[in-house]
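Colleague: File final.pdb follows (PDB, C-alpha atoms and all ligand atoms):
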ATOM      1  CA  MET B 105      37.038 -28.113 -34.782
ATOM      2  CA  GLY B 106      36.514 -25.046 -32.628
ATOM      3  CA  PRO B 107      34.705 -22.015 -33.943
ATOM      4  CA  LEU B 108      36.187 -19.275 -36.082
ATOM      5  CA  ALA B 109      36.515 -15.858 -34.529
ATOM      6  CA  VAL B 110      36.730 -12.693 -36.551
ATOM      7  CA  ILE B 111      38.594  -9.774 -35.046
ATOM      8  CA  GLY B 112      37.211  -6.776 -36.844
ATOM      9  CA  GLY B 113      38.775  -3.399 -37.296
ATOM     10  CA  SER B 114      37.227   0.028 -37.436
ATOM     11  CA  GLY B 115      33.806  -0.068 -39.055
ATOM     12  CA  ALA B 116      33.516  -3.853 -39.017
ATOM     13  CA  TYR B 117      31.016  -3.774 -36.189
ATOM     14  CA  ASP B 118      28.673  -1.675 -38.324
ATOM     15  CA  LEU B 119      28.802  -4.392 -40.972
ATOM     16  CA  LEU B 120      28.130  -7.041 -38.405
ATOM     17  CA  ALA B 121      25.157  -5.147 -37.030
ATOM     18  CA  ARG B 122      23.786  -4.670 -40.538
ATOM     19  CA  ASP B 123      24.350  -8.187 -41.859
ATOM     20  CA  TYR B 124      23.888 -10.233 -38.684
ATOM     21  CA  SER B 125      21.437  -8.366 -36.529
ATOM     22  CA  GLY B 126      20.591 -11.614 -34.682
ATOM     23  CA  ALA B 127      24.053 -11.976 -33.191
ATOM     24  CA  ARG B 128      24.064 -12.722 -29.461
ATOM     25  CA  ASN B 129      25.929 -10.213 -27.321
ATOM     26  CA  LEU B 130      28.401 -11.931 -25.000
ATOM     27  CA  GLY B 131      29.692  -8.577 -23.802
ATOM     28  CA  ARG B 132      33.145  -7.861 -22.511
ATOM     29  CA  ARG B 133      34.814 -10.999 -21.154
ATOM     30  CA  GLU B 134      36.762 -10.932 -17.921
ATOM     31  CA  THR B 135      40.338 -12.174 -18.296
ATOM     32  CA  PRO B 136      43.512 -12.095 -16.160
ATOM     33  CA  PHE B 137      44.471  -9.036 -18.237
ATOM     34  CA  GLY B 138      41.278  -7.101 -17.674
ATOM     35  CA  PRO B 139      38.116  -7.055 -19.765
ATOM     36  CA  SER B 140      38.235  -7.904 -23.449
ATOM     37  CA  ALA B 141      36.569  -5.919 -26.189
ATOM     38  CA  PRO B 142      32.879  -6.864 -26.678
ATOM     39  CA  VAL B 143      32.256 -10.275 -28.257
ATOM     40  CA  ARG B 144      29.258 -11.346 -30.344
ATOM     41  CA  GLU B 145      28.203 -14.864 -31.240
ATOM     42  CA  LEU B 146      26.329 -15.873 -34.376
ATOM     43  CA  GLU B 147      25.655 -18.790 -36.715
ATOM     44  CA  LEU B 148      27.237 -18.610 -40.166
ATOM     45  CA  ASN B 149      26.560 -21.435 -42.611
ATOM     46  CA  GLY B 150      25.527 -23.514 -39.607
ATOM     47  CA  ARG B 151      28.801 -22.840 -37.773
ATOM     48  CA  ARG B 152      29.146 -21.078 -34.446
ATOM     49  CA  THR B 153      31.202 -17.971 -35.171
ATOM     50  CA  LEU B 154      32.442 -15.265 -32.844
ATOM     51  CA  PHE B 155      33.092 -11.648 -33.583
ATOM     52  CA  LEU B 156      35.214  -9.241 -31.595
ATOM     53  CA  SER B 157      35.392  -5.534 -32.418
ATOM     54  CA  ARG B 158      38.999  -4.603 -31.793
ATOM     55  CA  HIS B 159      38.376  -0.883 -31.461
ATOM     56  CA  GLY B 160      35.035  -1.141 -29.659
ATOM     57  CA  GLU B 161      31.509  -1.190 -30.996
ATOM     58  CA  THR B 162      30.655   2.488 -30.980
ATOM     59  CA  GLY B 163      33.197   3.918 -33.357
ATOM     60  CA  TYR B 164      36.952   4.142 -33.073
ATOM     61  CA  HIS B 165      37.101   4.701 -29.342
ATOM     62  CA  CYS B 166      40.167   2.576 -28.664
ATOM     63  CA  THR B 167      43.032   3.145 -31.070
ATOM     64  CA  ALA B 168      45.337   0.309 -32.022
ATOM     65  CA  ARG B 169      48.064   1.275 -29.597
ATOM     66  CA  PHE B 170      45.704   0.969 -26.626
ATOM     67  CA  VAL B 171      43.855  -2.224 -27.586
ATOM     68  CA  ASN B 172      44.139  -4.905 -24.895
ATOM     69  CA  TYR B 173      45.416  -7.603 -27.252
ATOM     70  CA  ARG B 174      46.177 -10.115 -24.519
ATOM     71  CA  ALA B 175      42.659  -9.853 -23.079
ATOM     72  CA  ASN B 176      41.044 -10.126 -26.516
ATOM     73  CA  VAL B 177      42.951 -13.223 -27.624
ATOM     74  CA  TYR B 178      42.590 -14.850 -24.198
ATOM     75  CA  ALA B 179      38.828 -14.265 -24.230
ATOM     76  CA  LEU B 180      38.457 -15.882 -27.641
ATOM     77  CA  ARG B 181      40.527 -18.917 -26.612
ATOM     78  CA  GLU B 182      38.383 -19.286 -23.505
ATOM     79  CA  LEU B 183      35.273 -19.280 -25.698
ATOM     80  CA  GLY B 184      36.682 -22.288 -27.549
ATOM     81  CA  VAL B 185      38.060 -20.507 -30.593
ATOM     82  CA  THR B 186      40.772 -22.340 -32.514
ATOM     83  CA  ARG B 187      40.975 -20.121 -35.612
ATOM     84  CA  VAL B 188      41.164 -16.320 -35.784
ATOM     85  CA  LEU B 189      40.601 -14.314 -38.930
ATOM     86  CA  ALA B 190      41.703 -10.707 -38.612
ATOM     87  CA  TRP B 191      40.122  -8.014 -40.750
ATOM     88  CA  SER B 192      42.336  -4.991 -41.269
ATOM     89  CA  GLY B 193      42.457  -1.891 -43.486
ATOM     90  CA  PRO B 194      46.147  -0.926 -43.805
ATOM     91  CA  GLY B 195      47.829   1.532 -46.119
ATOM     92  CA  ALA B 196      49.820   0.434 -49.166
ATOM     93  CA  ILE B 197      53.576   0.870 -49.307
ATOM     94  CA  GLU B 198      53.967  -1.244 -52.450
ATOM     95  CA  PRO B 199      52.800   1.178 -55.192
ATOM     96  CA  SER B 200      51.338  -1.504 -57.472
ATOM     97  CA  LEU B 201      48.656  -2.286 -54.902
ATOM     98  CA  GLU B 202      45.282  -0.716 -55.628
ATOM     99  CA  ILE B 203      42.950   0.959 -53.168
ATOM    100  CA  GLY B 204      40.267  -1.517 -52.148
ATOM    101  CA  GLN B 205      42.290  -4.546 -53.215
ATOM    102  CA  TYR B 206      42.339  -7.560 -50.891
ATOM    103  CA  VAL B 207      45.725  -8.743 -49.662
ATOM    104  CA  VAL B 208      46.230 -11.873 -47.596
ATOM    105  CA  PRO B 209      49.631 -11.156 -46.022
ATOM    106  CA  ASP B 210      52.214 -13.858 -45.470
ATOM    107  CA  ASP B 211      54.836 -11.984 -43.455
ATOM    108  CA  LEU B 212      55.090  -9.305 -40.801
ATOM    109  CA  LEU B 213      57.447  -6.575 -39.615
ATOM    110  CA  ASP B 214      56.772  -5.696 -35.982
ATOM    111  CA  GLU B 215      57.559  -1.993 -35.532
ATOM    112  CA  THR B 216      55.567  -1.643 -32.307
ATOM    113  CA  HIS B 217      57.368  -0.814 -29.069
ATOM    114  CA  ALA B 218      54.805  -0.177 -26.358
ATOM    115  CA  ARG B 219      52.536  -3.220 -26.308
ATOM    116  CA  ASP B 220      52.272  -6.265 -24.069
ATOM    117  CA  ASP B 221      53.274  -8.872 -26.604
ATOM    118  CA  THR B 222      53.563 -12.167 -24.739
ATOM    119  CA  TYR B 223      51.714 -14.377 -22.260
ATOM    120  CA  PHE B 224      54.983 -15.993 -21.184
ATOM    121  CA  THR B 225      56.151 -13.310 -18.780
ATOM    122  CA  GLY B 226      57.754 -15.725 -16.308
ATOM    123  CA  GLY B 227      60.754 -16.389 -18.483
ATOM    124  CA  SER B 228      60.512 -20.180 -18.672
ATOM    125  CA  LEU B 229      59.168 -20.425 -22.206
ATOM    126  CA  GLY B 230      61.487 -19.472 -24.986
ATOM    127  CA  PHE B 231      61.069 -19.751 -28.706
ATOM    128  CA  VAL B 232      57.920 -19.837 -30.754
ATOM    129  CA  ARG B 233      58.735 -20.293 -34.415
ATOM    130  CA  GLN B 234      57.446 -17.494 -36.664
ATOM    131  CA  SER B 235      57.752 -18.990 -40.107
ATOM    132  CA  PRO B 236      55.150 -19.181 -41.374
ATOM    133  CA  VAL B 237      53.864 -16.176 -39.445
ATOM    134  CA  PHE B 238      50.269 -16.727 -40.511
ATOM    135  CA  CYS B 239      48.545 -20.121 -40.545
ATOM    136  CA  PRO B 240      48.963 -21.444 -44.104
ATOM    137  CA  ALA B 241      45.714 -23.409 -44.026
ATOM    138  CA  LEU B 242      43.616 -20.494 -42.804
ATOM    139  CA  ARG B 243      45.402 -18.208 -45.281
ATOM    140  CA  GLU B 244      44.367 -20.520 -48.084
ATOM    141  CA  ALA B 245      40.744 -20.447 -46.936
ATOM    142  CA  ALA B 246      40.889 -16.639 -46.721
ATOM    143  CA  LEU B 247      42.381 -16.368 -50.204
ATOM    144  CA  GLU B 248      39.672 -18.558 -51.700
ATOM    145  CA  ALA B 249      36.997 -16.514 -49.966
ATOM    146  CA  CYS B 250      38.445 -13.202 -51.178
ATOM    147  CA  ARG B 251      38.718 -14.485 -54.755
ATOM    148  CA  ALA B 252      35.137 -15.773 -54.628
ATOM    149  CA  THR B 253      33.931 -12.171 -54.271
ATOM    150  CA  GLY B 254      35.405 -11.461 -57.714
ATOM    151  CA  ALA B 255      37.558  -8.664 -56.327
ATOM    152  CA  ALA B 256      41.282  -8.270 -57.010
ATOM    153  CA  THR B 257      43.160 -10.308 -54.432
ATOM    154  CA  ARG B 258      46.887 -10.575 -53.798
ATOM    155  CA  ASP B 259      48.390 -13.716 -52.346
ATOM    156  CA  GLY B 260      51.086 -12.647 -49.928
ATOM    157  CA  GLY B 261      52.685  -9.458 -48.782
ATOM    158  CA  THR B 262      54.566  -8.134 -45.790
ATOM    159  CA  TYR B 263      52.550  -6.141 -43.266
ATOM    160  CA  ALA B 264      54.487  -3.636 -41.186
ATOM    161  CA  CYS B 265      52.794  -2.956 -37.863
ATOM    162  CA  THR B 266      53.527   0.481 -36.414
ATOM    163  CA  GLU B 267      52.678   1.769 -32.975
ATOM    164  CA  GLY B 268      50.406   4.734 -33.616
ATOM    165  CA  PRO B 269      48.150   6.427 -32.962
ATOM    166  CA  ARG B 270      49.945   8.854 -35.265
ATOM    167  CA  LEU B 271      50.488   7.923 -38.891
ATOM    168  CA  GLU B 272      53.963   7.280 -40.273
ATOM    169  CA  THR B 273      56.318  10.028 -41.438
ATOM    170  CA  PRO B 274      57.453  10.003 -45.095
ATOM    171  CA  ALA B 275      60.928   8.877 -43.988
ATOM    172  CA  GLU B 276      59.456   6.011 -41.963
ATOM    173  CA  VAL B 277      57.475   4.866 -45.001
ATOM    174  CA  ARG B 278      60.673   4.926 -47.094
ATOM    175  CA  LYS B 279      62.432   2.913 -44.390
ATOM    176  CA  LEU B 280      59.645   0.336 -44.265
ATOM    177  CA  ARG B 281      59.733   0.017 -48.033
ATOM    178  CA  ILE B 282      63.473  -0.655 -47.966
ATOM    179  CA  MET B 283      62.794  -3.268 -45.299
ATOM    180  CA  GLY B 284      60.397  -5.056 -47.621
ATOM    181  CA  ALA B 285      57.003  -3.942 -46.340
ATOM    182  CA  ASP B 286      54.059  -3.928 -48.746
ATOM    183  CA  LEU B 287      51.465  -2.695 -46.260
ATOM    184  CA  VAL B 288      51.512  -0.603 -43.136
ATOM    185  CA  GLY B 289      48.910  -0.833 -40.390
ATOM    186  CA  MET B 290      48.716  -0.861 -36.610
ATOM    187  CA  THR B 291      46.879  -3.975 -35.543
ATOM    188  CA  LEU B 292      48.235  -7.405 -36.484
ATOM    189  CA  ALA B 293      51.117  -7.315 -33.977
ATOM    190  CA  PRO B 294      51.146  -8.586 -31.317
ATOM    191  CA  GLU B 295      47.747 -10.158 -32.067
ATOM    192  CA  VAL B 296      49.163 -12.898 -34.294
ATOM    193  CA  PHE B 297      51.997 -13.671 -31.861
ATOM    194  CA  LEU B 298      49.587 -13.965 -28.942
ATOM    195  CA  ALA B 299      47.277 -16.256 -30.910
ATOM    196  CA  LYS B 300      50.241 -18.484 -31.707
ATOM    197  CA  GLU B 301      51.277 -18.598 -28.051
ATOM    198  CA  LEU B 302      47.844 -20.044 -27.336
ATOM    199  CA  THR B 303      48.253 -22.439 -30.307
ATOM    200  CA  MET B 304      45.493 -20.916 -32.407
ATOM    201  CA  CYS B 305      45.454 -20.545 -36.183
ATOM    202  CA  TYR B 306      45.585 -16.888 -37.254
ATOM    203  CA  ALA B 307      45.394 -15.257 -40.674
ATOM    204  CA  ALA B 308      44.438 -11.799 -41.889
ATOM    205  CA  VAL B 309      42.434 -10.329 -44.723
ATOM    206  CA  CYS B 310      43.604  -6.805 -45.509
ATOM    207  CA  TYR B 311      41.831  -4.364 -47.765
ATOM    208  CA  VAL B 312      44.033  -1.515 -48.956
ATOM    209  CA  THR B 313      42.609   1.696 -47.501
ATOM    210  CA  ASN B 314      45.055   4.358 -48.709
ATOM    211  CA  TYR B 315      48.563   4.891 -49.993
ATOM    212  CA  ALA B 316      51.054   5.394 -47.218
ATOM    213  CA  GLU B 317      52.375   8.903 -46.694
ATOM    214  CA  SER B 318      54.559  10.246 -49.543
ATOM    215  CA  LEU B 319      53.610   7.546 -52.074
ATOM    216  CA  ALA B 320      51.165   9.903 -53.742
ATOM    217  CA  HIS B 321      50.834  13.668 -53.568
ATOM    218  CA  LYS B 322      47.895  14.259 -51.247
ATOM    219  CA  PRO B 323      47.291  17.804 -50.062
ATOM    220  CA  PHE B 324      46.087  18.356 -46.515
ATOM    221  CA  VAL B 325      42.294  18.559 -46.295
ATOM    222  CA  PRO B 326      41.036  19.463 -42.835
ATOM    223  CA  GLY B 327      38.061  17.698 -41.295
ATOM    224  CA  VAL B 328      37.918  14.509 -43.405
ATOM    225  CA  LEU B 329      39.225  10.949 -42.895
ATOM    226  CA  PHE B 330      43.037  10.913 -42.738
ATOM    227  CA  GLU B 331      43.004  14.657 -43.544
ATOM    228  CA  GLY B 332      43.106  14.193 -47.309
ATOM    229  CA  LEU B 333      45.236  11.061 -47.552
ATOM    230  CA  LEU B 334      42.190   9.468 -49.218
ATOM    231  CA  ASP B 335      40.098  11.109 -51.961
ATOM    232  CA  SER B 336      36.420  10.474 -52.693
ATOM    233  CA  SER B 337      36.960   7.992 -55.559
ATOM    234  CA  GLU B 338      39.257   5.995 -53.305
ATOM    235  CA  VAL B 339      36.630   6.003 -50.570
ATOM    236  CA  ALA B 340      34.253   4.270 -53.019
ATOM    237  CA  CYS B 341      36.870   1.553 -53.695
ATOM    238  CA  VAL B 342      37.335   1.001 -49.983
ATOM    239  CA  ASP B 343      33.564   0.789 -49.465
ATOM    240  CA  ALA B 344      33.327  -1.857 -52.216
ATOM    241  CA  ALA B 345      36.020  -3.938 -50.514
ATOM    242  CA  VAL B 346      34.363  -3.618 -47.136
ATOM    243  CA  ALA B 347      31.048  -4.724 -48.662
ATOM    244  CA  GLY B 348      32.608  -8.151 -49.308
ATOM    245  CA  PHE B 349      33.208  -8.685 -45.599
ATOM    246  CA  ALA B 350      30.126 -10.797 -44.816
ATOM    247  CA  GLN B 351      30.645 -13.142 -47.759
ATOM    248  CA  ILE B 352      34.328 -13.659 -46.952
ATOM    249  CA  VAL B 353      33.690 -14.349 -43.283
ATOM    250  CA  ALA B 354      30.856 -16.788 -44.014
ATOM    251  CA  GLN B 355      32.997 -18.761 -46.461
ATOM    252  CA  VAL B 356      35.991 -18.958 -44.128
ATOM    253  CA  ALA B 357      33.747 -19.976 -41.201
ATOM    254  CA  ALA B 358      32.454 -22.918 -43.237
ATOM    255  CA  ALA B 359      35.863 -23.992 -44.576
ATOM    256  CA  GLU B 360      37.223 -27.277 -43.315
ATOM    257  CA  PRO B 361      40.453 -26.841 -41.345
ATOM    258  CA  GLY B 362      43.482 -27.623 -43.457
ATOM    259  CA  ASP B 363      46.796 -29.133 -42.512
ATOM    260  CA  CYS B 364      48.861 -26.888 -40.229
ATOM    261  CA  HIS B 365      51.139 -27.006 -37.198
ATOM    262  CA  CYS B 366      49.524 -24.232 -35.168
ATOM    263  CA  ALA B 367      48.023 -26.528 -32.529
ATOM    264  CA  ARG B 368      51.455 -28.130 -31.977
ATOM    265  CA  LEU B 369      53.564 -24.992 -31.715
ATOM    266  CA  LEU B 370      54.368 -25.597 -28.036
ATOM    267  CA  ASP B 371      54.730 -29.390 -28.094
ATOM    268  CA  ARG B 372      58.427 -29.168 -27.207
ATOM    269  CA  TYR B 373      57.575 -27.359 -23.970
ATOM    270  CA  LYS B 374      54.882 -29.896 -23.186
ATOM    271  CA  ARG B 375      57.285 -32.788 -23.741
ATOM    272  CA  ARG B 376      59.863 -31.361 -21.399
ATOM    273  CA  GLY B 377      57.201 -30.728 -18.770
ATOM    274  CA  THR B 378      57.391 -26.907 -18.710
ATOM    275  CA  ILE B 379      53.686 -26.672 -19.512
ATOM    276  CA  GLY B 380      50.746 -29.075 -19.396
ATOM    277  CA  GLU B 381      47.687 -29.498 -21.549
ATOM    278  CA  ASP B 382      45.618 -26.772 -19.832
ATOM    279  CA  TRP B 383      46.491 -23.604 -21.735
ATOM    280  CA  ARG B 384      45.273 -21.379 -18.880
ATOM    281  CA  GLU B 385      48.230 -22.574 -16.833
ATOM    282  CA  TRP B 386      50.625 -21.408 -19.542
ATOM    283  CA  ILE B 387      49.940 -17.768 -18.708
ATOM    284  CA  GLY B 388      52.870 -16.238 -16.873
ATOM    285  CA  ARG B 389      55.200 -19.227 -17.451
TER     286      ARG B 389
HETATM  287 ZN    ZN A 401      46.850 -23.273 -38.363
END
Kindly return the structure encoded in the file as structure tokens.
Modeller:
Amino acid sequence: MGPLAVIGGSGAYDLLARDYSGARNLGRRETPFGPSAPVRELELNGRRTLFLSRHGETGYHCTARFVNYRANVYALRELGVTRVLAWSGPGAIEPSLEIGQYVVPDDLLDETHARDDTYFTGGSLGFVRQSPVFCPALREAALEACRATGAATRDGGTYACTEGPRLETPAEVRKLRIMGADLVGMTLAPEVFLAKELTMCYAAVCYVTNYAESLAHKPFVPGVLFEGLLDSSEVACVDAAVAGFAQIVAQVAAAEPGDCHCARLLDRYKRRGTIGEDWREWIGR
């Protein structure tokens, strides 16, 4: 089994630095798509585990729209990673969700429109099945780890991924709700699709950060996070959820891989000779 990699969102690097100060810095990795975000390597429960800060390590200096997803996923695959756990703090569209609650999504609406979302740019590879979107075995491990913290955890939900960097308009939130979205964020697409193209398992742990625009009356407050979309009691709930990060990651890193089809997603193309066993040669096919 290859190592687990965690792709962390905003603030996750601070947690890593606090909880795992001994992590080895592998730096930015060169890839055919340019340099990846910085990668760290550490031991968790005796398992080699990698950590990539999606938005950079010194704050939110690369917003979701401008993340080099292809470089990041490529770099992790090259480092031997077979399982990716994404850590994401989306907003809630489903009103029964609570701020700070963990959600392990099981479906995705891709509302992005300006991202490089495939490695197969040559046109010779066609379909990659997207049901289930997220690896069921890794999802199960993530669910168990979230529940083990004692925090409220929801099994399943549809994550809508918008382009950003702006937040959604009230009408867009209404549209996403009609379309079945429970959460709205900006990071899981195309990350999950790219991981699947390289036959890696991918699942996400979301912690609800705020209610999406128009779900609750939130007056504009200048100079604070999300300009008032989040009040101080909600910030405490988010902080409590984020505090569970290290425990969740350690448990998932130690989990035995379950039964899934992720590693065999491209077998049809291998059988017909379009691609071989070396995944590096798949790029651009
Ligand atoms: Zn899998």
Colleague: What do you get as a ChimeraX atom specification if you pick all residues at most 9 Å from ligand ZN 401 (chain A), counting all atoms listed in the file?
Modeller: /B:186-187,238-243,300,303-307,361-367
Colleague: Determine, counting all atoms listed in the file, which protein, DNA and RNA residues have an atom within 9 Å of an atom of B:Leu146; residues of the same chain fewer than 6 positions away are not included. Present the result as a list in words.
Modeller: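 Residues near the query, excluding close chain neighbours: Tyr124, Gly126, Ala127, Arg128, Arg152, Thr153, Leu154 and Phe155 of chain B.
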Colleague: Could those residues be written to a file, using C-alpha atoms, as a tab-separated table (two decimals), keeping the file's coordinate frame?
Modeller:
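Result saved to part.tsv:
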chain	number	residue	atom	x	y	z
B	124	TYR	CA	23.89	-10.23	-38.68
B	126	GLY	CA	20.59	-11.61	-34.68
B	127	ALA	CA	24.05	-11.98	-33.19
B	128	ARG	CA	24.06	-12.72	-29.46
B	152	ARG	CA	29.15	-21.08	-34.45
B	153	THR	CA	31.20	-17.97	-35.17
B	154	LEU	CA	32.44	-15.26	-32.84
B	155	PHE	CA	33.09	-11.65	-33.58
Colleague: Would you translate the PyMOL selection byres (((chain B and resi 249-253) around 12) and not hetatm) into the concrete set of residues it matches in this file, as a PyMOL selection string?
Modeller: chain B and resi 189+191+204-208+242-248+254-259+308-311+344-359
Colleague: Save the residues we just selected, C-alpha atoms, as a PDB file, keeping the file's coordinate frame?
Modeller:
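Output file result-v2.pdb is given in full below:
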ATOM      1  CA  LEU B 189      40.601 -14.314 -38.930  1.00  0.00           C
ATOM      2  CA  TRP B 191      40.122  -8.014 -40.750  1.00  0.00           C
ATOM      3  CA  GLY B 204      40.267  -1.517 -52.148  1.00  0.00           C
ATOM      4  CA  GLN B 205      42.290  -4.546 -53.215  1.00  0.00           C
ATOM      5  CA  TYR B 206      42.339  -7.560 -50.891  1.00  0.00           C
ATOM      6  CA  VAL B 207      45.725  -8.743 -49.662  1.00  0.00           C
ATOM      7  CA  VAL B 208      46.230 -11.873 -47.596  1.00  0.00           C
ATOM      8  CA  LEU B 242      43.616 -20.494 -42.804  1.00  0.00           C
ATOM      9  CA  ARG B 243      45.402 -18.208 -45.281  1.00  0.00           C
ATOM     10  CA  GLU B 244      44.367 -20.520 -48.084  1.00  0.00           C
ATOM     11  CA  ALA B 245      40.744 -20.447 -46.936  1.00  0.00           C
ATOM     12  CA  ALA B 246      40.889 -16.639 -46.721  1.00  0.00           C
ATOM     13  CA  LEU B 247      42.381 -16.368 -50.204  1.00  0.00           C
ATOM     14  CA  GLU B 248      39.672 -18.558 -51.700  1.00  0.00           C
ATOM     15  CA  GLY B 254      35.405 -11.461 -57.714  1.00  0.00           C
ATOM     16  CA  ALA B 255      37.558  -8.664 -56.327  1.00  0.00           C
ATOM     17  CA  ALA B 256      41.282  -8.270 -57.010  1.00  0.00           C
ATOM     18  CA  THR B 257      43.160 -10.308 -54.432  1.00  0.00           C
ATOM     19  CA  ARG B 258      46.887 -10.575 -53.798  1.00  0.00           C
ATOM     20  CA  ASP B 259      48.390 -13.716 -52.346  1.00  0.00           C
ATOM     21  CA  ALA B 308      44.438 -11.799 -41.889  1.00  0.00           C
ATOM     22  CA  VAL B 309      42.434 -10.329 -44.723  1.00  0.00           C
ATOM     23  CA  CYS B 310      43.604  -6.805 -45.509  1.00  0.00           C
ATOM     24  CA  TYR B 311      41.831  -4.364 -47.765  1.00  0.00           C
ATOM     25  CA  ALA B 344      33.327  -1.857 -52.216  1.00  0.00           C
ATOM     26  CA  ALA B 345      36.020  -3.938 -50.514  1.00  0.00           C
ATOM     27  CA  VAL B 346      34.363  -3.618 -47.136  1.00  0.00           C
ATOM     28  CA  ALA B 347      31.048  -4.724 -48.662  1.00  0.00           C
ATOM     29  CA  GLY B 348      32.608  -8.151 -49.308  1.00  0.00           C
ATOM     30  CA  PHE B 349      33.208  -8.685 -45.599  1.00  0.00           C
ATOM     31  CA  ALA B 350      30.126 -10.797 -44.816  1.00  0.00           C
ATOM     32  CA  GLN B 351      30.645 -13.142 -47.759  1.00  0.00           C
ATOM     33  CA  ILE B 352      34.328 -13.659 -46.952  1.00  0.00           C
ATOM     34  CA  VAL B 353      33.690 -14.349 -43.283  1.00  0.00           C
ATOM     35  CA  ALA B 354      30.856 -16.788 -44.014  1.00  0.00           C
ATOM     36  CA  GLN B 355      32.997 -18.761 -46.461  1.00  0.00           C
ATOM     37  CA  VAL B 356      35.991 -18.958 -44.128  1.00  0.00           C
ATOM     38  CA  ALA B 357      33.747 -19.976 -41.201  1.00  0.00           C
ATOM     39  CA  ALA B 358      32.454 -22.918 -43.237  1.00  0.00           C
ATOM     40  CA  ALA B 359      35.863 -23.992 -44.576  1.00  0.00           C
TER      41      ALA B 359
END
Colleague: Starting from the PyMOL selection byres (((chain B and resi 302) around 12) and not hetatm), expand the selection into actual residues of this file and give them as a CSV table (one decimal) with C-alpha atoms, in the coordinates of the input.
Modeller:
chain,number,residue,atom,x,y,z
B,174,ARG,CA,46.2,-10.1,-24.5
B,177,VAL,CA,43.0,-13.2,-27.6
B,178,TYR,CA,42.6,-14.8,-24.2
B,179,ALA,CA,38.8,-14.3,-24.2
B,180,LEU,CA,38.5,-15.9,-27.6
B,181,ARG,CA,40.5,-18.9,-26.6
B,182,GLU,CA,38.4,-19.3,-23.5
B,184,GLY,CA,36.7,-22.3,-27.5
B,185,VAL,CA,38.1,-20.5,-30.6
B,186,THR,CA,40.8,-22.3,-32.5
B,187,ARG,CA,41.0,-20.1,-35.6
B,188,VAL,CA,41.2,-16.3,-35.8
B,222,THR,CA,53.6,-12.2,-24.7
B,223,TYR,CA,51.7,-14.4,-22.3
B,224,PHE,CA,55.0,-16.0,-21.2
B,232,VAL,CA,57.9,-19.8,-30.8
B,295,GLU,CA,47.7,-10.2,-32.1
B,296,VAL,CA,49.2,-12.9,-34.3
B,297,PHE,CA,52.0,-13.7,-31.9
B,298,LEU,CA,49.6,-14.0,-28.9
B,299,ALA,CA,47.3,-16.3,-30.9
B,300,LYS,CA,50.2,-18.5,-31.7
B,301,GLU,CA,51.3,-18.6,-28.1
B,303,THR,CA,48.3,-22.4,-30.3
B,304,MET,CA,45.5,-20.9,-32.4
B,305,CYS,CA,45.5,-20.5,-36.2
B,306,TYR,CA,45.6,-16.9,-37.3
B,366,CYS,CA,49.5,-24.2,-35.2
B,367,ALA,CA,48.0,-26.5,-32.5
B,368,ARG,CA,51.5,-28.1,-32.0
B,369,LEU,CA,53.6,-25.0,-31.7
B,370,LEU,CA,54.4,-25.6,-28.0
B,371,ASP,CA,54.7,-29.4,-28.1
B,379,ILE,CA,53.7,-26.7,-19.5
B,381,GLU,CA,47.7,-29.5,-21.5
B,382,ASP,CA,45.6,-26.8,-19.8
B,383,TRP,CA,46.5,-23.6,-21.7
B,384,ARG,CA,45.3,-21.4,-18.9
B,385,GLU,CA,48.2,-22.6,-16.8
B,386,TRP,CA,50.6,-21.4,-19.5
B,387,ILE,CA,49.9,-17.8,-18.7
Colleague: Could you tell me how far atom CA of B:Gly138 lies from atom CA of B:Ala175, in Å and to one decimal?
Modeller: 6.2 Å
Colleague: Taking the partial coordinates given, rebuild stretch 199-205 of chain B to contain N, CA, C and O atoms; return it as a PDB file, keeping the file's coordinate frame.
Modeller:
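Dumped to result.pdb:
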ATOM      1  N   PRO B 199      53.638   0.298 -54.352  1.00  0.00           N
ATOM      2  CA  PRO B 199      52.800   1.178 -55.192  1.00  0.00           C
ATOM      3  C   PRO B 199      51.896   0.459 -56.177  1.00  0.00           C
ATOM      4  O   PRO B 199      50.905   1.035 -56.628  1.00  0.00           O
ATOM      5  N   SER B 200      52.198  -0.806 -56.509  1.00  0.00           N
ATOM      6  CA  SER B 200      51.338  -1.504 -57.472  1.00  0.00           C
ATOM      7  C   SER B 200      50.031  -1.989 -56.841  1.00  0.00           C
ATOM      8  O   SER B 200      49.128  -2.435 -57.547  1.00  0.00           O
ATOM      9  N   LEU B 201      49.925  -1.914 -55.543  1.00  0.00           N
ATOM     10  CA  LEU B 201      48.656  -2.286 -54.902  1.00  0.00           C
ATOM     11  C   LEU B 201      47.611  -1.216 -55.193  1.00  0.00           C
ATOM     12  O   LEU B 201      47.928  -0.034 -55.288  1.00  0.00           O
ATOM     13  N   GLU B 202      46.360  -1.660 -55.336  1.00  0.00           N
ATOM     14  CA  GLU B 202      45.282  -0.716 -55.628  1.00  0.00           C
ATOM     15  C   GLU B 202      44.398  -0.516 -54.399  1.00  0.00           C
ATOM     16  O   GLU B 202      44.207  -1.443 -53.606  1.00  0.00           O
ATOM     17  N   ILE B 203      43.861   0.673 -54.283  1.00  0.00           N
ATOM     18  CA  ILE B 203      42.950   0.959 -53.168  1.00  0.00           C
ATOM     19  C   ILE B 203      41.748   0.015 -53.282  1.00  0.00           C
ATOM     20  O   ILE B 203      41.171  -0.165 -54.360  1.00  0.00           O
ATOM     21  N   GLY B 204      41.400  -0.592 -52.168  1.00  0.00           N
ATOM     22  CA  GLY B 204      40.267  -1.517 -52.148  1.00  0.00           C
ATOM     23  C   GLY B 204      40.636  -2.957 -52.456  1.00  0.00           C
ATOM     24  O   GLY B 204      39.820  -3.856 -52.282  1.00  0.00           O
ATOM     25  N   GLN B 205      41.860  -3.181 -52.898  1.00  0.00           N
ATOM     26  CA  GLN B 205      42.290  -4.546 -53.215  1.00  0.00           C
ATOM     27  C   GLN B 205      42.433  -5.365 -51.926  1.00  0.00           C
ATOM     28  O   GLN B 205      42.837  -4.848 -50.895  1.00  0.00           O
TER      29      GLN B 205
END
